[in-house]
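Undergrad: So here's my_file-v5.cif, just mmCIF, C-alpha atoms:
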```
data_coords
loop_
_atom_site.label_atom_id
_atom_site.label_comp_id
_atom_site.auth_asym_id
_atom_site.auth_seq_id
_atom_site.Cartn_x
_atom_site.Cartn_y
_atom_site.Cartn_z
CA MET A 1022 27.37 -58.14 40.30
CA SER A 1023 26.26 -54.51 40.14
CA GLU A 1024 28.49 -51.81 38.76
CA PRO A 1025 29.83 -49.37 41.35
CA GLU A 1026 28.59 -45.79 41.16
CA ILE A 1027 31.64 -43.84 40.07
CA GLY A 1028 31.45 -40.27 38.88
CA PRO A 1029 33.60 -38.69 36.19
CA ILE A 1030 37.27 -38.39 37.11
CA ASP A 1031 39.04 -35.08 36.48
CA TYR A 1032 42.39 -33.56 37.22
CA LEU A 1033 43.54 -30.03 37.95
CA LEU A 1034 47.06 -28.68 37.87
CA VAL A 1035 47.20 -25.35 39.68
CA GLU A 1036 50.41 -23.31 39.57
CA TRP A 1037 51.61 -20.61 41.98
CA PRO A 1038 54.63 -18.36 41.65
CA GLY A 1039 57.37 -19.23 44.12
CA ARG A 1040 56.48 -21.41 47.08
CA GLN A 1041 53.32 -23.40 47.69
CA PRO A 1042 49.95 -21.74 48.33
CA ASN A 1043 49.26 -19.71 51.44
CA GLY A 1044 46.40 -21.89 52.65
CA GLU A 1045 43.49 -19.93 51.24
CA VAL A 1046 42.52 -22.77 48.87
CA ALA A 1047 42.62 -25.65 51.37
CA PRO A 1048 39.37 -24.90 53.27
CA HIS A 1049 37.46 -24.70 49.99
CA LEU A 1050 38.82 -28.08 48.86
CA ILE A 1051 37.96 -29.59 52.25
CA ASP A 1052 34.44 -28.16 51.98
CA LEU A 1053 33.91 -29.79 48.57
CA VAL A 1054 34.96 -33.13 50.04
CA ASP A 1055 32.89 -32.70 53.22
CA ARG A 1056 29.77 -31.90 51.19
CA GLY A 1057 30.28 -35.06 49.10
CA LEU A 1058 30.69 -33.15 45.85
CA ILE A 1059 34.15 -34.54 45.09
CA ARG A 1060 36.36 -37.35 46.32
CA ILE A 1061 40.10 -36.72 46.23
CA LEU A 1062 41.89 -39.69 44.68
CA ASP A 1063 45.37 -38.15 44.49
CA LEU A 1064 46.90 -34.90 45.64
CA ILE A 1065 50.56 -34.12 45.10
CA PHE A 1066 52.51 -30.92 45.34
CA ILE A 1067 55.23 -30.13 42.87
CA ARG A 1068 58.07 -27.66 42.80
CA LYS A 1069 59.93 -26.61 39.66
CA ASP A 1070 63.14 -24.75 40.41
CA GLU A 1071 64.73 -22.03 38.30
CA ASP A 1072 66.86 -24.65 36.51
CA GLY A 1073 63.74 -26.57 35.46
CA ASP A 1074 64.23 -29.50 37.85
CA VAL A 1075 60.91 -30.91 39.05
CA ALA A 1076 60.35 -32.53 42.44
CA ALA A 1077 57.29 -33.84 44.24
CA LEU A 1078 56.73 -32.57 47.75
CA GLU A 1079 55.22 -34.66 50.51
CA ILE A 1080 51.92 -33.38 51.87
CA ALA A 1081 53.48 -33.42 55.33
CA GLU A 1082 56.15 -30.99 54.08
CA VAL A 1083 53.54 -28.61 52.67
CA ALA A 1084 51.16 -29.10 55.61
CA GLY A 1085 53.92 -27.81 57.87
CA GLU A 1086 53.34 -24.45 56.18
CA VAL A 1087 49.58 -24.84 55.59
CA ALA A 1088 48.09 -26.89 58.44
CA ALA A 1089 44.70 -27.45 56.74
CA LEU A 1090 46.42 -29.55 54.07
CA ALA A 1091 47.17 -32.22 56.67
CA ALA A 1092 43.59 -33.40 56.06
CA PHE A 1093 44.78 -34.78 52.72
CA HIS A 1094 47.68 -36.79 54.11
CA GLY A 1095 47.54 -40.21 52.45
CA ALA A 1096 45.44 -39.03 49.47
CA SER A 1097 47.07 -41.36 46.99
CA SER A 1098 45.24 -43.91 44.87
CA GLY A 1099 48.35 -45.00 42.99
CA LEU A 1100 47.04 -43.56 39.71
CA LEU A 1101 49.90 -41.06 39.44
CA ASP A 1102 53.41 -42.16 38.57
CA ASP A 1103 56.76 -40.55 37.73
CA GLU A 1104 55.70 -40.02 34.11
CA ASP A 1105 52.65 -38.05 35.28
CA LEU A 1106 54.86 -35.97 37.57
CA ALA A 1107 57.23 -35.23 34.68
CA GLU A 1108 54.33 -34.28 32.38
CA ALA A 1109 52.86 -31.98 35.01
CA GLY A 1110 56.27 -30.45 35.62
CA GLY A 1111 56.60 -29.78 31.90
CA ALA A 1112 53.52 -27.57 32.05
CA LEU A 1113 54.96 -25.44 34.86
CA GLU A 1114 57.09 -22.34 34.59
CA PRO A 1115 60.51 -22.41 36.31
CA GLY A 1116 60.43 -21.03 39.85
CA THR A 1117 56.86 -22.15 40.55
CA SER A 1118 55.03 -24.67 42.67
CA ALA A 1119 51.82 -26.52 41.95
CA ALA A 1120 49.16 -28.85 43.20
CA LEU A 1121 48.05 -31.77 41.04
CA VAL A 1122 44.65 -33.07 42.10
CA ILE A 1123 42.88 -36.14 40.72
CA PHE A 1124 39.28 -36.18 41.88
CA GLU A 1125 36.00 -37.95 41.31
CA ASN A 1126 32.95 -35.79 40.70
CA ALA A 1127 31.02 -37.72 43.34
CA TRP A 1128 27.91 -35.61 42.81
CA ALA A 1129 27.60 -37.08 39.32
CA ALA A 1130 28.10 -40.75 40.27
CA PRO A 1131 24.39 -41.75 40.34
CA PHE A 1132 23.77 -40.00 37.00
CA ALA A 1133 26.87 -41.54 35.39
CA ALA A 1134 25.93 -45.02 36.62
CA ALA A 1135 22.39 -44.62 35.26
CA VAL A 1136 23.76 -43.53 31.89
CA ARG A 1137 25.99 -46.63 31.75
CA ARG A 1138 23.20 -48.97 32.87
CA SER A 1139 20.90 -47.56 30.17
CA GLY A 1140 23.54 -48.23 27.50
CA GLY A 1141 24.57 -44.62 27.15
CA GLN A 1142 28.14 -43.44 26.93
CA LEU A 1143 29.96 -40.14 27.18
CA VAL A 1144 31.01 -39.00 23.72
CA ALA A 1145 32.30 -35.51 24.49
CA SER A 1146 33.25 -33.46 27.49
CA GLY A 1147 34.98 -30.16 28.00
CA ARG A 1148 35.33 -26.99 29.98
CA ILE A 1149 34.41 -23.47 28.98
CA PRO A 1150 37.01 -21.03 30.34
CA VAL A 1151 35.54 -18.57 32.83
CA GLU A 1152 37.01 -15.73 30.79
CA ALA A 1153 34.93 -16.81 27.79
CA ILE A 1154 31.76 -16.92 29.89
CA ALA A 1155 32.48 -13.46 31.37
CA ALA A 1156 33.09 -12.03 27.88
CA ALA A 1157 29.88 -13.57 26.53
CA LEU A 1158 27.85 -12.24 29.48
CA ASP A 1159 29.41 -8.78 29.06
CA ALA A 1160 28.59 -8.84 25.34
CA ALA A 1161 25.00 -9.93 26.00
CA GLU A 1162 24.57 -7.21 28.61
CA ALA A 1163 25.97 -4.57 26.23
CA THR A 1164 23.39 -5.48 23.56
CA SER A 1165 20.39 -5.46 25.91
#
```
Kindly present the structure from the file in structure tokens form.
TA:
Amino acid sequence: MSEPEIGPIDYLLVEWPGRQPNGEVAPHLIDLVDRGLIRILDLIFIRKDEDGDVAALEIAEVAGEVAALAAFHGASSGLLDDEDLAEAGGALEPGTSAALVIFENAWAAPFAAAVRRSGGQLVASGRIPVEAIAAALDAAEATS
């Protein structure tokens, strides 16, 4: 039986002050999915009140305010549980809301499968903060 082509799985926790986002982000997320770059496995919205209580919001509740988010209704693989919600809530400031997204980097699936088939394995991964890149580019420009 052949191994399925699955790309690397990542998560993002994005926080906003106050209520949920205004809808500006949704079309960009939809575009990434439509172009086959990512596959959304889970998407939940979280609210942390001023007292520190954390609650998950249904997509339908948020989509009432941001219609484009209705496209993600049912985006739930079952990977996230109450412990994950509590951990995400612990990272949030009181009086904020957030989106927790678990996604597959679908663009990388053929490469990742080829690496596994050839006996290779991922030994390190990470992200370079955009601020660090901007600072490095500014420094390089200043010296040239």
Undergrad: Using only C-alpha atoms, determine which residues lie at most 8 Å from Lys1069 of chain A, disregarding the query and same-chain residues fewer than 4 positions distant; provide the list as a ChimeraX atom specification.
TA: /A:1073-1076,1110,1113-1118
Undergrad: Applied to the shown file, which residues does the PyMOL selection byres ((chain A and resi 1095) around 12) return, written as a list in words?
TA: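 Applying the PyMOL selection byres ((chain A and resi 1095) around 12) to the structure shown produces Ile1061, Leu1062, Asp1063, Leu1064, Ile1065, Glu1079, Ile1080, Ala1081, Leu1090, Ala1091, Ala1092, Phe1093, His1094, Ala1096, Ser1097, Ser1098 and Gly1099 of chain A.
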Undergrad: Name the residues that the PyMOL selection byres ((chain A and resi 1048) around 12) pulls out of this structure, and write them as a VMD selection string.
TA: chain A and resid 1043 to 1047 1049 to 1055 1087 to 1093
Undergrad: Please give the centre and size of the box around segment 1059-1075 of chain A (axis-aligned, containing every atom listed in the file, 8 Å added per side), with values in Å to one decimal and written as AutoDock Vina command-line options.
TA:
```
--center_x 50.5 --center_y -30.9 --center_z 40.9 --size_x 48.7 --size_y 33.7 --size_z 26.9
```
Undergrad: Using all atoms listed in the file, list the residues that have an atom at most 6 Å from (48.9, -27.7, 43.2), coordinates as in the file, as a PDB file with C-alpha atoms, in the frame of the given file.
TA:
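So the final result, stored in out_17.pdb, reads:
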```pdb
ATOM      1  CA  LEU A1034      47.060 -28.680  37.870  1.00  0.00           C
ATOM      2  CA  VAL A1035      47.200 -25.350  39.680  1.00  0.00           C
ATOM      3  CA  GLU A1036      50.410 -23.310  39.570  1.00  0.00           C
ATOM      4  CA  PHE A1066      52.510 -30.920  45.340  1.00  0.00           C
ATOM      5  CA  ALA A1119      51.820 -26.520  41.950  1.00  0.00           C
ATOM      6  CA  ALA A1120      49.160 -28.850  43.200  1.00  0.00           C
ATOM      7  CA  LEU A1121      48.050 -31.770  41.040  1.00  0.00           C
TER       8      LEU A1121
END
```
Undergrad: Select, from A:Arg1068, A:Arg1137, A:Arg1056, A:Arg1148, the residue with the minimum atom-to-atom distance to Arg1040 of chain A, counting all atoms listed in the file.
TA: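 Closest to Arg1040 of chain A of all the choices is A:Arg1068.
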Undergrad: Report the distance between atom CA of Glu1026 of chain A and atom CA of Ala1127 of chain A in Å, rounded to one decimal place.
TA: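 Here the two named atoms are 8.7 Å from each other.
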Undergrad: Kindly give the distance, in Å, that separates atom CA of Asp1105 of chain A and atom CA of Glu1152 of chain A, rounded to a single decimal.
TA: 27.6 Å
Undergrad: Restrict the calculation to all atoms listed in the file, then for each residue of segment 1051-1128 of chain A with any atom at most 9 Å from an atom of segment 1027-1030 of chain A give the closest atom pair and their distance in Å to one decimal, rows by chain and rising residue number, as a tab-separated table.
TA:
```
residue	atom	partner	partner_atom	distance
A:Ile1059	CA	A:Gly1028	CA	8.9
A:Leu1062	CA	A:Ile1030	CA	9.0
A:Ile1123	CA	A:Ile1030	CA	7.0
A:Phe1124	CA	A:Ile1030	CA	5.6
A:Glu1125	CA	A:Ile1030	CA	4.4
A:Asn1126	CA	A:Gly1028	CA	5.1
A:Ala1127	CA	A:Gly1028	CA	5.2
A:Trp1128	CA	A:Gly1028	CA	7.0
```
Undergrad: Calculate how many Å separate atom CA of Val1122 of chain A from atom CA of Ile1149 of chain A, rounding to one decimal.
TA: 19.2 Å
Undergrad: Could you check which of A:Leu1143, A:Ala1135, A:Ala1130, A:Leu1158 is closest to Leu1058 of chain A, using only C-alpha atoms?
TA: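 Of A:Leu1143, A:Ala1135, A:Ala1130, A:Leu1158, the one nearest Leu1058 of chain A, counting only C-alpha atoms, is A:Ala1130.
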Undergrad: For Pro1131 of chain A, which residue out of A:Leu1100, A:Thr1164, A:Pro1025, A:Trp1037 is the nearest one, using only C-alpha atoms?
TA: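 Between A:Leu1100, A:Thr1164, A:Pro1025, A:Trp1037, the residue approaching Pro1131 of chain A most closely is A:Pro1025.
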